[in-house]
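In what follows, a single structure is set out as structure tokens and then discussed.
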Amino acid sequence: ENGRTVAAGGGGDDSGSGGGGGNRLMDSMDRVFFCGDLNYRVDLPREQTELAVLRMRELLDDGGNESGDGEDEDDDEERREAEELRLSLLRHDQLLRTLSEGRAFPSFAEGRIAFPPTFKFDKSSPTKYDTSHKKRIPAWTDRVLFRPFGVRVVEYDSVPTAAHSDHRPVFGTYRVSLLGRERRTAKKAEAKAKKAEEGGKKRRKKRRTRTSKEEEDEN
């Protein structure tokens, strides 16, 4: 819930074992990504959420302007305040809570969310959130989840200037290992066996040294 990469528990592991047909299907894949409008919302009042988002935008816009000497500390303070506001909203994000509690998307993870809510914007405005009579609460409905084994997040962001929809698109860039699940498991087993073998050699050498010392003492 702190906005860093979050992994869900309670439903899967790296062993490839699974439960029902859905789990068996996913466990047969080396890499799984799940993305789209997942429609999870923020459990906060509209006014509180929108004020936080607008304040974040204001702080980050001010921090991005050129500043002279002596203003760096002010910029750092503004970035810290914006970060605190972002985390205060993400603590009430339904998907992050669902992932952390293992109630859906078992063994899936998500990159760090550093972008503003991507829904719902007025189509006539690139910056205004829903001003219709429904006044939907700004939320991170558009997400990219993945099974984290052999996957590292390089970039996870939105495109705020893409104003052709009431959503803002989200994209991710990932570094993916070419090792498949079976090969990766085999390499782990090989490394474990090698470590055990080295440990055995050390113990045998230690016993030989102790025996030699005892024989010398007896002589």
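Every chain in the structure tokens takes a letter, A first, then B, and so on in the order presented; its residues are numbered from 1, and the ligands are numbered from 1 following the presented order.
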
Name the residues of region 31-199 of chain A that come out as alpha helix (DSSP H) in a backbone DSSP run; write them as a PyMOL selection string.
chain A and resi 46-64+72-90+94-101+181-199

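Neighbouring residues of region 36-51 of chain A at 8 Å or closer, counting only C-alpha atoms and skipping chain neighbours under 6 positions away, are Leu89, Leu90, His92, Asp93, Gln94, Leu95, Tyr129, Lys135, Arg136, Ile137, Pro138, Ala139, Trp140, Thr141, Asp142, Arg143 and Val144 of chain A.
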
Please provide the set of residues having any atom within 12 Å of Arg86 (chain A), restricted to only C-alpha atoms, with same-chain residues fewer than 4 positions apart removed, written as a VMD selection string.
chain A and resid 1 to 4 42 49 to 57 59 to 60 79 to 82 90 to 93 112 to 117 139 to 140

Store the residues picked out above in a file with C-alpha atoms, as a PDB file, in the first residue's frame.
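Output below, filename result32.pdb:
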ATOM      1  CA  GLU A   1       0.000   0.000   0.000  1.00  0.00           C
ATOM      2  CA  ASN A   2       2.982   2.365   0.060  1.00  0.00           C
ATOM      3  CA  GLY A   3       2.992   2.649  -3.713  1.00  0.00           C
ATOM      4  CA  ARG A   4       6.057   0.497  -4.282  1.00  0.00           C
ATOM      5  CA  VAL A  42     -10.386   4.938  -4.269  1.00  0.00           C
ATOM      6  CA  THR A  49      -9.556  12.974  -3.408  1.00  0.00           C
ATOM      7  CA  GLU A  50      -9.776  15.760  -5.974  1.00  0.00           C
ATOM      8  CA  LEU A  51      -8.275  18.362  -3.646  1.00  0.00           C
ATOM      9  CA  ALA A  52      -5.329  16.037  -2.955  1.00  0.00           C
ATOM     10  CA  VAL A  53      -4.778  15.404  -6.677  1.00  0.00           C
ATOM     11  CA  LEU A  54      -4.971  19.113  -7.551  1.00  0.00           C
ATOM     12  CA  ARG A  55      -2.557  19.977  -4.743  1.00  0.00           C
ATOM     13  CA  MET A  56      -0.142  17.276  -5.960  1.00  0.00           C
ATOM     14  CA  ARG A  57      -0.298  18.698  -9.478  1.00  0.00           C
ATOM     15  CA  LEU A  59       3.312  21.149  -6.100  1.00  0.00           C
ATOM     16  CA  LEU A  60       4.906  19.130  -8.893  1.00  0.00           C
ATOM     17  CA  ARG A  79       8.136  17.005  -3.633  1.00  0.00           C
ATOM     18  CA  ARG A  80       7.889  15.433  -0.167  1.00  0.00           C
ATOM     19  CA  GLU A  81       4.452  16.972   0.354  1.00  0.00           C
ATOM     20  CA  ALA A  82       3.296  15.725  -3.051  1.00  0.00           C
ATOM     21  CA  LEU A  90      -2.976   4.967  -2.464  1.00  0.00           C
ATOM     22  CA  ARG A  91      -3.623   3.734   1.074  1.00  0.00           C
ATOM     23  CA  HIS A  92      -7.298   3.775   0.077  1.00  0.00           C
ATOM     24  CA  ASP A  93      -6.819   2.213  -3.356  1.00  0.00           C
ATOM     25  CA  ARG A 112       5.227   1.630  -8.180  1.00  0.00           C
ATOM     26  CA  ILE A 113       2.391   4.052  -8.961  1.00  0.00           C
ATOM     27  CA  ALA A 114       3.910   7.515  -9.298  1.00  0.00           C
ATOM     28  CA  PHE A 115       1.343   8.994 -11.695  1.00  0.00           C
ATOM     29  CA  PRO A 116      -1.967  10.726 -10.890  1.00  0.00           C
ATOM     30  CA  PRO A 117      -5.338   8.961 -11.112  1.00  0.00           C
ATOM     31  CA  ALA A 139      -9.126   6.749  -9.372  1.00  0.00           C
ATOM     32  CA  TRP A 140      -6.373   4.533 -10.765  1.00  0.00           C
TER      33      TRP A 140
END

Shortest interatomic distance to Asp166 (chain A) - which of A:Lys123, A:Lys134, A:Arg207, A:Arg97, counting only C-alpha atoms:
A:Lys123

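Take CA of Asp157 (chain A) and CA of Thr118 (chain A): the distance between them is 10.2 Å.
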
What's the separation between CA of Lys195 (chain A) and CA of Ser28 (chain A), in Å to one decimal place?
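According to the coordinates, CA of Lys195 (chain A) and CA of Ser28 (chain A) are separated by 28.9 Å.
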
Within region 2-187 of chain A, find each residue whose DSSP state, derived from the backbone, is strand (DSSP E), and express the selection as a ChimeraX atom specification.
/A:6-7,33-37,109-110,142-146,151-158,170-176
